[in-house]
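Peer 1: Provided herewith: input34.txt, compact mmCIF, C-alpha atoms.
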```txt
# COMPACT_ATOMS: atom_id res chain seq x y z
CA MET A 15 32.59 32.76 9.98
CA GLY A 16 30.15 31.12 12.41
CA PRO A 17 30.20 27.45 13.40
CA SER A 18 28.62 24.92 11.09
CA LEU A 19 25.27 23.38 11.88
CA GLY A 20 26.97 20.19 13.06
CA ASN A 21 29.36 22.05 15.36
CA ALA A 22 26.51 24.14 16.74
CA ALA A 23 24.51 20.99 17.50
CA GLN A 24 27.50 19.44 19.24
CA MET A 25 28.03 22.55 21.36
CA LEU A 26 24.35 22.68 22.31
CA ILE A 27 24.25 19.01 23.30
CA ALA A 28 27.57 19.20 25.13
CA GLY A 29 26.22 22.10 27.18
CA ALA A 30 23.12 20.22 28.27
CA ARG A 31 23.14 18.25 31.48
CA PRO A 32 23.69 14.51 30.84
CA GLY A 33 20.74 13.63 33.04
CA LEU A 34 18.46 15.89 31.01
CA LEU A 35 19.58 14.28 27.76
CA LEU A 36 18.95 10.83 29.18
CA ALA A 37 15.48 11.85 30.37
CA ILE A 38 14.54 13.44 27.04
CA GLY A 39 15.81 10.41 25.16
CA ALA A 40 13.93 8.02 27.44
CA ILE A 41 10.63 9.92 27.12
CA LEU A 42 10.94 10.21 23.36
CA GLY A 43 11.94 6.56 23.13
CA ALA A 44 8.97 5.41 25.20
CA ILE A 45 6.61 7.27 22.85
CA VAL A 46 8.30 5.78 19.79
CA GLY A 47 8.31 2.34 21.41
CA SER A 48 4.57 2.60 22.08
CA PHE A 49 3.96 3.22 18.38
CA LEU A 50 6.32 0.40 17.37
CA GLY A 51 4.54 -2.00 19.72
CA THR A 52 1.25 -1.20 18.00
CA VAL A 53 2.85 -1.66 14.57
CA ALA A 54 4.31 -5.04 15.60
CA MET A 55 0.87 -6.18 16.72
CA ARG A 56 -1.14 -4.92 13.75
CA LEU A 57 1.22 -5.45 10.82
CA PRO A 58 1.31 -9.28 10.88
CA ALA A 59 -2.50 -9.30 11.11
CA GLY A 60 -2.86 -6.99 8.12
CA ARG A 61 -4.55 -4.31 10.19
CA SER A 62 -4.22 -0.59 9.55
CA ILE A 63 -1.40 1.05 11.47
CA VAL A 64 -2.63 4.65 11.53
CA ALA A 65 -6.30 4.62 10.48
CA ALA A 66 -7.73 2.47 13.27
CA PRO A 67 -7.91 4.11 16.72
CA SER A 68 -6.31 2.47 19.74
CA ALA A 69 -8.81 0.03 21.23
CA CYS A 70 -8.90 -3.05 23.44
CA ASP A 71 -8.61 -6.27 21.45
CA GLY A 72 -10.91 -7.95 23.97
CA CYS A 73 -13.94 -5.68 24.19
CA GLY A 74 -13.25 -3.22 21.37
CA ARG A 75 -13.63 -0.18 23.63
CA ARG A 76 -11.61 2.81 22.49
CA LEU A 77 -8.75 3.64 24.83
CA ALA A 78 -8.71 6.98 26.60
CA PRO A 79 -5.59 9.19 26.68
CA ARG A 80 -4.93 8.11 30.29
CA ASP A 81 -4.67 4.53 29.04
CA LEU A 82 -2.05 5.41 26.43
CA VAL A 83 0.73 6.87 28.58
CA PRO A 84 3.78 4.72 27.72
CA ILE A 85 4.90 2.32 30.47
CA LEU A 86 2.96 4.12 33.23
CA SER A 87 -0.49 3.15 31.92
CA TRP A 88 0.52 -0.50 31.59
CA LEU A 89 1.86 -0.55 35.14
CA ALA A 90 -1.15 1.29 36.56
CA LEU A 91 -3.56 -1.11 34.86
CA ARG A 92 -1.37 -4.13 35.69
CA GLY A 93 -1.38 -5.14 32.05
CA ARG A 94 -5.17 -5.41 31.74
CA CYS A 95 -7.95 -3.48 30.04
CA ARG A 96 -9.67 -0.98 32.31
CA HIS A 97 -13.12 -1.99 31.00
CA CYS A 98 -13.14 -5.77 30.50
CA GLY A 99 -10.00 -6.93 32.29
CA ALA A 100 -8.56 -8.61 29.19
CA SER A 101 -4.80 -9.06 29.23
CA ILE A 102 -2.88 -6.45 27.26
CA GLY A 103 0.17 -8.70 27.15
CA THR A 104 3.77 -7.88 27.97
CA GLY A 105 4.71 -7.19 24.33
CA GLN A 106 3.57 -3.58 24.54
CA LEU A 107 5.48 -2.99 27.77
CA VAL A 108 8.62 -4.53 26.25
CA ALA A 109 8.26 -2.25 23.21
CA GLU A 110 7.85 0.89 25.31
CA ALA A 111 10.60 0.03 27.77
CA GLY A 112 12.92 -1.01 24.93
CA GLY A 113 12.27 2.23 23.08
CA ALA A 114 12.96 4.23 26.24
CA LEU A 115 16.18 2.34 26.91
CA ILE A 116 17.39 2.97 23.36
CA GLY A 117 16.55 6.66 23.60
CA ALA A 118 18.46 7.02 26.87
CA LEU A 119 21.53 4.91 26.12
CA ALA A 120 21.98 6.32 22.61
CA TRP A 121 23.75 9.33 24.15
CA LEU A 122 26.47 7.09 25.54
CA GLY A 123 27.89 6.36 22.09
CA PRO A 124 30.81 8.11 20.35
CA PRO A 125 30.40 11.93 20.57
CA ASP A 126 32.11 12.71 17.27
CA THR A 127 29.01 12.55 15.06
CA VAL A 128 27.10 15.58 13.73
CA LEU A 129 24.17 14.87 16.04
CA PRO A 130 25.39 12.59 18.85
CA GLY A 131 22.84 9.95 19.74
CA LEU A 132 20.58 10.43 16.73
CA PRO A 133 22.11 7.68 14.52
CA ALA A 134 22.00 5.25 17.44
CA MET A 135 18.33 6.07 18.02
CA VAL A 136 17.46 5.64 14.34
CA LEU A 137 19.21 2.28 14.25
CA GLY A 138 17.90 1.13 17.61
CA TRP A 139 14.25 1.83 16.93
CA GLN A 140 14.39 0.12 13.55
CA LEU A 141 16.01 -2.92 15.14
CA LEU A 142 13.41 -2.87 17.92
CA LEU A 143 10.56 -3.12 15.43
CA LEU A 144 12.24 -5.95 13.54
CA ALA A 145 12.98 -7.76 16.81
CA LEU A 146 9.35 -7.46 17.93
CA LEU A 147 8.00 -8.70 14.59
CA ASP A 148 10.31 -11.71 14.53
CA ALA A 149 9.56 -12.57 18.16
CA ARG A 150 5.80 -12.26 17.61
CA ALA A 151 5.36 -13.69 14.11
CA LEU A 152 8.76 -15.06 12.97
CA TRP A 153 8.58 -12.44 10.25
CA LEU A 154 11.21 -9.99 8.98
CA PRO A 155 9.57 -7.93 6.19
CA TRP A 156 11.99 -7.26 3.36
CA ARG A 157 10.81 -3.65 3.14
CA LEU A 158 11.91 -3.00 6.72
CA ASN A 159 15.23 -4.72 6.04
CA ALA A 160 15.62 -2.57 2.94
CA LEU A 161 14.85 0.58 4.94
CA LEU A 162 17.44 -0.41 7.55
CA ALA A 163 20.06 -0.95 4.84
CA ALA A 164 19.16 2.29 3.05
CA SER A 165 19.46 4.32 6.26
CA GLY A 166 22.83 2.72 7.03
CA LEU A 167 24.13 3.47 3.55
CA GLY A 168 22.73 7.00 3.72
CA LEU A 169 24.49 7.70 6.99
CA ALA A 170 27.74 6.32 5.58
CA ALA A 171 27.38 8.44 2.42
CA LEU A 172 27.24 11.56 4.58
CA ALA A 173 30.67 10.61 5.97
CA GLY A 174 32.28 10.25 2.55
CA ALA A 175 33.13 7.74 -0.15
CA ASP A 176 35.41 5.63 2.05
CA ALA A 177 32.71 5.22 4.70
CA LEU A 178 30.16 4.31 2.05
CA ALA A 179 32.46 1.65 0.58
CA TRP A 180 33.03 0.27 4.09
CA ALA A 181 29.28 0.10 4.67
CA ILE A 182 28.70 -1.69 1.37
CA LEU A 183 31.40 -4.19 2.26
CA GLY A 184 29.78 -4.77 5.65
CA GLY A 185 26.40 -5.30 4.05
CA GLY A 186 27.78 -7.79 1.55
CA LEU A 187 29.67 -9.70 4.22
CA GLY A 188 26.68 -9.85 6.55
CA TYR A 189 24.33 -11.14 3.89
CA GLY A 190 26.89 -13.52 2.38
CA LEU A 191 27.88 -15.15 5.68
CA LEU A 192 24.36 -15.98 6.77
CA ALA A 193 23.20 -16.95 3.28
CA LEU A 194 26.13 -19.39 3.13
CA VAL A 195 25.23 -20.84 6.53
CA ALA A 196 21.59 -21.24 5.44
CA ALA A 197 22.59 -22.97 2.18
CA PHE A 198 24.98 -25.31 3.98
CA TYR A 199 22.36 -26.25 6.59
CA ARG A 200 19.71 -26.91 3.96
CA ARG A 201 22.09 -29.16 2.03
CA TRP A 202 23.22 -30.97 5.18
CA ARG A 203 19.82 -31.46 6.88
CA GLY A 204 17.50 -31.30 3.88
CA ARG A 205 15.40 -28.50 5.35
CA ALA A 206 15.62 -24.80 6.08
CA GLY A 207 17.43 -23.83 9.26
CA LEU A 208 17.09 -20.05 8.89
CA GLY A 209 14.30 -17.82 7.73
CA GLY A 210 14.73 -15.97 4.47
CA GLY A 211 14.81 -12.63 6.25
CA ASP A 212 17.74 -13.43 8.52
CA PRO A 213 20.51 -13.02 5.89
CA LEU A 214 18.83 -9.81 4.70
CA LEU A 215 18.74 -8.49 8.25
CA LEU A 216 22.41 -9.24 8.92
CA GLY A 217 23.26 -7.64 5.58
CA ALA A 218 21.33 -4.51 6.55
CA ILE A 219 23.03 -4.49 9.96
CA GLY A 220 26.39 -4.77 8.20
CA THR A 221 25.83 -1.41 6.51
CA TRP A 222 25.75 0.13 9.99
CA VAL A 223 28.52 -1.78 11.77
CA GLY A 224 30.84 -2.46 8.81
CA PRO A 225 32.62 -5.73 8.04
CA LEU A 226 34.48 -5.77 11.37
CA GLY A 227 31.20 -5.49 13.24
CA VAL A 228 29.48 -8.41 11.50
CA PRO A 229 31.32 -11.25 13.35
CA PRO A 230 30.60 -9.82 16.85
CA VAL A 231 26.92 -9.40 15.93
CA LEU A 232 26.72 -12.97 14.64
CA LEU A 233 28.52 -14.39 17.67
CA GLY A 234 26.38 -12.34 20.04
CA ALA A 235 23.18 -13.52 18.35
CA ALA A 236 24.33 -17.14 18.53
CA GLY A 237 25.12 -16.72 22.22
CA LEU A 238 21.68 -15.22 22.88
CA GLY A 239 20.06 -18.09 21.01
CA LEU A 240 21.91 -20.66 23.09
CA ALA A 241 20.98 -18.83 26.28
CA VAL A 242 17.29 -18.75 25.34
CA ALA A 243 17.35 -22.43 24.38
CA GLY A 244 19.01 -23.29 27.69
CA LEU A 245 16.42 -21.25 29.60
CA MET A 246 13.62 -23.05 27.76
CA ARG A 247 15.10 -26.39 28.81
CA LEU A 248 15.32 -25.25 32.43
CA CYS A 249 11.66 -24.26 32.27
CA GLY A 250 10.73 -27.70 30.97
CA ARG A 251 9.96 -26.69 27.40
CA PRO A 252 11.19 -29.31 24.89
CA ILE A 253 13.77 -28.32 22.27
CA HIS A 254 13.82 -30.36 19.07
CA GLY A 255 14.49 -29.97 15.36
CA ALA A 256 11.13 -28.35 14.66
CA THR A 257 11.51 -25.71 17.38
CA MET A 258 11.54 -22.24 15.80
CA LEU A 259 13.53 -19.52 17.54
CA PRO A 260 13.47 -15.89 16.36
CA PHE A 261 17.10 -15.58 15.27
CA GLY A 262 16.34 -12.17 13.76
CA THR A 263 15.43 -10.95 17.24
CA PHE A 264 18.79 -12.15 18.53
CA LEU A 265 20.59 -10.42 15.65
CA ALA A 266 18.78 -7.15 16.35
CA VAL A 267 19.54 -7.27 20.08
CA ALA A 268 23.21 -8.07 19.48
CA ALA A 269 23.71 -5.45 16.76
CA TRP A 270 22.80 -2.30 18.68
CA PRO A 271 25.53 -2.40 21.36
CA VAL A 272 28.10 -3.28 18.69
CA PHE A 273 27.23 -0.04 16.89
CA VAL A 274 26.75 2.22 19.92
CA PHE A 275 29.74 1.13 21.97
CA GLY A 276 32.10 0.33 19.11
CA LEU A 277 32.53 -3.33 19.98
CA ALA A 278 33.76 -4.24 16.49
```
For the file at hand, write its structure as structure tokens.

Peer 2:
Amino acid sequence: MGPSLGNAAQMLIAGARPGLLLAIGAILGAIVGSFLGTVAMRLPAGRSIVAAPSACDGCGRRLAPRDLVPILSWLALRGRCRHCGASIGTGQLVAEAGGALIGALAWLGPPDTVLPGLPAMVLGWQLLLLALLDARALWLPWRLNALLAASGLGLAALAGADALAWAILGGGLGYGLLALVAAFYRRWRGRAGLGGGDPLLLGAIGTWVGPLGVPPVLLGAAGLGLAVAGLMRLCGRPIHGATMLPFGTFLAVAAWPVFVFGLA
């Protein structure tokens, strides 16, 4: 009897040159990141994601295919529109480079999955979109959090009942921990200290990393937040009680290496 589909995929990937896999993942990731960057820009503004063509926000001129090559077009144009010189902003470059990095590094994770690298890509690109939205608009849409949780539970279900139970436990712990912190802060300070999407995001992340992965994600996000706050102080930007930092972005950035490299 021939090898299963999963075994065949593992054999095919194992036979490929590592450098080729990294290159394919990076190219695919840059394309995905380009789309995610557009989504992160249009979604908070209520603009159509797929119906409207790619155009300059400054002059409205439609972008040519040569202006849409991920990363390379931004670098060639030095982050400005070819026609009017308006700034494109670094957000798009970050999205494309982040997507490429996820696509390349996803292959470095554990090789004992049916399709090595694919789960890490699926998780990473979802986290990238959520990180971009929170950084741009301090917004973590519940539908995207729900999709992240559903994909984590779906992946766990494929591994069996024990894995699914572990994922559910991780989701509950992630949501419960941050919801408790938010409730305590509100009672202590009389105002919200976390956005409503942050507990949902950590809960969704918990379905991917399990209960043992939740504390490292939370600690990593807190460390990133402190580092960003310290950098803002060094740059002369004031930090006070009303300063809003995108904690969801920090959670997303901290979660991916915990999943890929098994840091739980």

Peer 1: Which polymer residues have any atom within 12 Å of an atom of A:Arg76, counting all atoms listed in the file, with same-chain residues fewer than 4 positions away left out, as an MDAnalysis selection string?

Peer 2: chainID A and resid 66:72 80:82 95:98

Peer 1: Please provide as a list of chain:residue names all residues within 10 Å of A:Leu158, with the sequence filter that same-chain residues fewer than 2 positions apart are discarded (counting only C-alpha atoms).

Peer 2: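 In the requested form, the answer reads A:Gln140, A:Leu141, A:Leu143, A:Leu144, A:Leu154, A:Pro155, A:Trp156, A:Ala160, A:Leu161, A:Leu162, A:Ala163, A:Ala164, A:Leu214, A:Leu215, A:Ala218.
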
Peer 1: In terms of the shortest atom-to-atom distance over all atoms listed in the file, which of A:Val108, A:Leu119, A:Ala173, A:Leu233 is closest to A:Leu89?

Peer 2: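 Residue with the minimum atom-to-atom distance to A:Leu89: A:Val108.
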
Peer 1: What is the distance, in Å and to one decimal place, between atom CA of A:Gly262 and atom CA of A:Gly105?

Peer 2: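 Interatomic distance, atom CA of A:Gly262 to atom CA of A:Gly105: 16.5 Å.
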
Peer 1: With distances taken over all atoms listed in the file, which residue among A:Ala181, A:Ala134, A:Trp202, A:Trp88 lies nearest A:Gly168?

Peer 2: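 Closest to A:Gly168, using all atoms listed in the file: A:Ala181.
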
Peer 1: Taking all atoms listed in the file into account, name the residue in A:Ile41, A:Ala149, A:Val274, A:Val231 that is nearest to A:Leu115.

Peer 2: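 For A:Leu115, the nearest of the candidates is A:Ile41.
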
Peer 1: Mind giving me the straight-line distance from atom CA of A:Thr104 to atom CA of A:Met55 in Å, one decimal?

Peer 2: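 It comes out at 11.7 Å.
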
Peer 1: Could you give me, as number ranges by chain, the residues within 12 Å of A:Tyr189, counting only C-alpha atoms and dropping anything in the same chain fewer than 4 positions from it?

Peer 2: A: 159, 163, 182-185, 193-196, 210-221, 224-225, 228-229, 232

Peer 1: Go ahead and compute the interatomic distance for atom CA of A:Gly234 and atom CA of A:Ala268, in Å to one decimal.

Peer 2: 5.3 Å

Peer 1: Hey, which of A:Gly227, A:Gly74, A:Gly99, A:Gly47 ends up closest to A:Met135? Count all atoms listed in the file.

Peer 2: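 Of A:Gly227, A:Gly74, A:Gly99, A:Gly47, the one nearest A:Met135 is A:Gly47, counting all atoms listed in the file.
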
Peer 1: Given the choices A:Arg247, A:Arg94, A:Arg200, A:Arg157, which gets closest to A:Leu77 if the distance is worked out from only C-alpha atoms?

Peer 2: A:Arg94

Peer 1: Fewer than 5 positions away in the same chain doesn't count, so skip those; otherwise give me all residues within 10 Å of A:Gly33, counting all atoms listed in the file, as an mmCIF file with C-alpha atoms, in the coordinates of the input.

Peer 2:
```
data_model
loop_
_atom_site.group_PDB
_atom_site.id
_atom_site.type_symbol
_atom_site.label_atom_id
_atom_site.label_comp_id
_atom_site.auth_asym_id
_atom_site.auth_seq_id
_atom_site.Cartn_x
_atom_site.Cartn_y
_atom_site.Cartn_z
ATOM 1 C CA ILE A 38 14.540 13.440 27.040
ATOM 2 C CA GLY A 39 15.810 10.410 25.160
ATOM 3 C CA ALA A 118 18.460 7.020 26.870
#
```

Peer 1: Of the residues A:Leu147, A:Arg92, A:Arg205, A:Val46, which is the one nearest to A:Thr263, using all atoms listed in the file?

Peer 2: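 Ranking A:Leu147, A:Arg92, A:Arg205, A:Val46 by distance to A:Thr263, first place goes to A:Leu147.
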
Peer 1: Any idea what's packed within 10 Å of A:Ala197, counting all atoms listed in the file, ignoring anything in its chain fewer than 5 positions away? Could you give it as a ChimeraX atom specification?

Peer 2: /A:192,202,204-208
